[in-house]
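Worksheet for the structure shown next.
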Amino acid sequence: MSQPVTHAPDNCLFCKIAAGQIPSRKVYEDDEIFAFHDIHPWAPVHFLMIPKVHIASMAQAGAEHAALLGRMMVLAPQLALAQGCNPYPAGGFRIVTNTGAEGGQEVHHLHIHVMGGPRPWLKG
Ligand code: AMP
Ligand code: ZN
């Protein structure tokens, strides 16, 4: 049994970005998903994908989110190529979702990092 979805705190940075209340460099948007460039990129291509609904982290993801999270995972490779990642297998990309303090999560609205492009990268 999953934990309930955490209600969006009034001050969630990524809720505000998804709502257009805080500016971002948009990569993609549909009814459920928003993607934007990371403000401190680790790699030549580095963007974040978020659900528009507030889910604090992967620890709060439940069966009701399976289709949405699946859509995000299937969309990631398409956006990666569109943003300049080179094709698999010589190119590729990295998908990371930090979860919780020990997982390195700083912003508590579930997000997928998508990183790629020619090496070397700043980190990772
Ligand atoms: P995490 O440590 O996985 O929670 O990563 C949070 C990410 O959000 C970091 O890579 C930050 O650079 C990025 N970030 C924080 N604020 C913004 C912002 N206003 N616009 C774009 N990216 C941001
Ligand atoms: Zn949020």
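Residue numbers start at 1 in each chain; chains themselves are named A, B, ... in the order of the structure tokens; ligands are numbered from 1 in the order shown.
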- Given a cut-off of 6 Å, what residues near ligand 2 show up using only C-alpha atoms and all ligand atoms, put as JSON, numbers by chain? {"A": [8, 12, 14, 15, 54, 109]}
- Using DSSP on the backbone, list every residue of chain A that comes out as strand (DSSP E), and give them as an MDAnalysis selection string. chainID A and resid 26:29 33:37 45:51 93:96 112:116
Keeping N, CA and C atoms, export the residues of the selection given above as an mmCIF file, in the first residue's frame.
```cif
data_model
loop_
_atom_site.group_PDB
_atom_site.id
_atom_site.type_symbol
_atom_site.label_atom_id
_atom_site.label_comp_id
_atom_site.auth_asym_id
_atom_site.auth_seq_id
_atom_site.Cartn_x
_atom_site.Cartn_y
_atom_site.Cartn_z
ATOM 1 N N LYS A 26 11.405 26.285 -20.696
ATOM 2 C CA LYS A 26 10.554 25.119 -20.940
ATOM 3 C C LYS A 26 11.089 24.236 -22.063
ATOM 4 N N VAL A 27 11.030 22.945 -21.834
ATOM 5 C CA VAL A 27 11.400 21.934 -22.829
ATOM 6 C C VAL A 27 10.154 21.281 -23.416
ATOM 7 N N TYR A 28 9.140 21.077 -22.573
ATOM 8 C CA TYR A 28 7.944 20.330 -22.994
ATOM 9 C C TYR A 28 6.832 20.573 -21.991
ATOM 10 N N GLU A 29 5.590 20.529 -22.481
ATOM 11 C CA GLU A 29 4.437 20.605 -21.576
ATOM 12 C C GLU A 29 3.258 19.894 -22.196
ATOM 13 N N ILE A 33 2.398 16.715 -17.628
ATOM 14 C CA ILE A 33 3.865 16.695 -17.509
ATOM 15 C C ILE A 33 4.427 18.046 -17.915
ATOM 16 N N PHE A 34 5.471 18.479 -17.199
ATOM 17 C CA PHE A 34 6.191 19.710 -17.547
ATOM 18 C C PHE A 34 7.676 19.371 -17.515
ATOM 19 N N ALA A 35 8.440 19.895 -18.472
ATOM 20 C CA ALA A 35 9.890 19.671 -18.499
ATOM 21 C C ALA A 35 10.592 20.996 -18.769
ATOM 22 N N PHE A 36 11.735 21.189 -18.089
ATOM 23 C CA PHE A 36 12.444 22.473 -18.180
ATOM 24 C C PHE A 36 13.924 22.243 -17.909
ATOM 25 N N HIS A 37 14.735 23.164 -18.417
ATOM 26 C CA HIS A 37 16.179 23.031 -18.253
ATOM 27 C C HIS A 37 16.585 23.243 -16.797
ATOM 28 N N VAL A 45 23.403 18.544 -22.070
ATOM 29 C CA VAL A 45 21.939 18.492 -22.012
ATOM 30 C C VAL A 45 21.566 18.100 -20.580
ATOM 31 N N HIS A 46 20.770 18.902 -19.918
ATOM 32 C CA HIS A 46 20.328 18.560 -18.557
ATOM 33 C C HIS A 46 18.991 19.260 -18.313
ATOM 34 N N PHE A 47 17.941 18.462 -18.377
ATOM 35 C CA PHE A 47 16.620 19.017 -18.083
ATOM 36 C C PHE A 47 15.912 18.143 -17.063
ATOM 37 N N LEU A 48 14.858 18.701 -16.483
ATOM 38 C CA LEU A 48 14.068 18.023 -15.458
ATOM 39 C C LEU A 48 12.669 17.786 -15.987
ATOM 40 N N MET A 49 12.117 16.617 -15.689
ATOM 41 C CA MET A 49 10.725 16.300 -16.028
ATOM 42 C C MET A 49 9.959 16.161 -14.726
ATOM 43 N N ILE A 50 8.815 16.828 -14.634
ATOM 44 C CA ILE A 50 8.005 16.746 -13.421
ATOM 45 C C ILE A 50 6.561 16.445 -13.774
ATOM 46 N N PRO A 51 5.867 15.714 -12.879
ATOM 47 C CA PRO A 51 4.414 15.641 -13.007
ATOM 48 C C PRO A 51 3.833 16.966 -12.544
ATOM 49 N N PHE A 93 21.922 8.809 -22.717
ATOM 50 C CA PHE A 93 21.568 9.797 -21.691
ATOM 51 C C PHE A 93 21.500 9.064 -20.365
ATOM 52 N N ARG A 94 21.418 9.842 -19.296
ATOM 53 C CA ARG A 94 21.266 9.295 -17.943
ATOM 54 C C ARG A 94 19.969 9.834 -17.350
ATOM 55 N N ILE A 95 19.222 8.947 -16.711
ATOM 56 C CA ILE A 95 17.998 9.324 -15.992
ATOM 57 C C ILE A 95 18.246 9.095 -14.506
ATOM 58 N N VAL A 96 17.988 10.117 -13.698
ATOM 59 C CA VAL A 96 18.224 10.032 -12.246
ATOM 60 C C VAL A 96 17.031 10.634 -11.519
ATOM 61 N N ILE A 112 12.520 13.955 -12.597
ATOM 62 C CA ILE A 112 13.463 13.087 -13.293
ATOM 63 C C ILE A 112 14.514 13.978 -13.942
ATOM 64 N N HIS A 113 15.778 13.785 -13.557
ATOM 65 C CA HIS A 113 16.870 14.451 -14.275
ATOM 66 C C HIS A 113 17.144 13.662 -15.552
ATOM 67 N N VAL A 114 17.263 14.353 -16.669
ATOM 68 C CA VAL A 114 17.695 13.721 -17.919
ATOM 69 C C VAL A 114 18.955 14.458 -18.362
ATOM 70 N N MET A 115 20.076 13.726 -18.408
ATOM 71 C CA MET A 115 21.373 14.325 -18.711
ATOM 72 C C MET A 115 22.019 13.584 -19.872
ATOM 73 N N GLY A 116 22.682 14.344 -20.737
ATOM 74 C CA GLY A 116 23.367 13.706 -21.848
ATOM 75 C C GLY A 116 24.212 14.698 -22.611
#
```
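Excluding Lys123 in chain A itself and same-chain residues fewer than 3 positions from it, the residues having an atom within 10 Å of it are Pro41, Trp42, Ala43 and Pro120 of chain A, counting only C-alpha atoms.
Taking only C-alpha atoms and all ligand atoms into account, the protein and nucleic acid residues that come at most 6 Å from ligand 1 are A:Ser24, A:His37, A:Asp38, A:Ile39, A:His40, A:Asn98, A:Gly104, A:Gln105, A:Glu106, A:Val107.
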- Compare A:Gly117, A:Tyr88, A:Gly100, A:Leu110 by their minimum atom-to-atom distance to Leu69 in chain A, counting only C-alpha atoms, and give me the closest one. A:Leu110
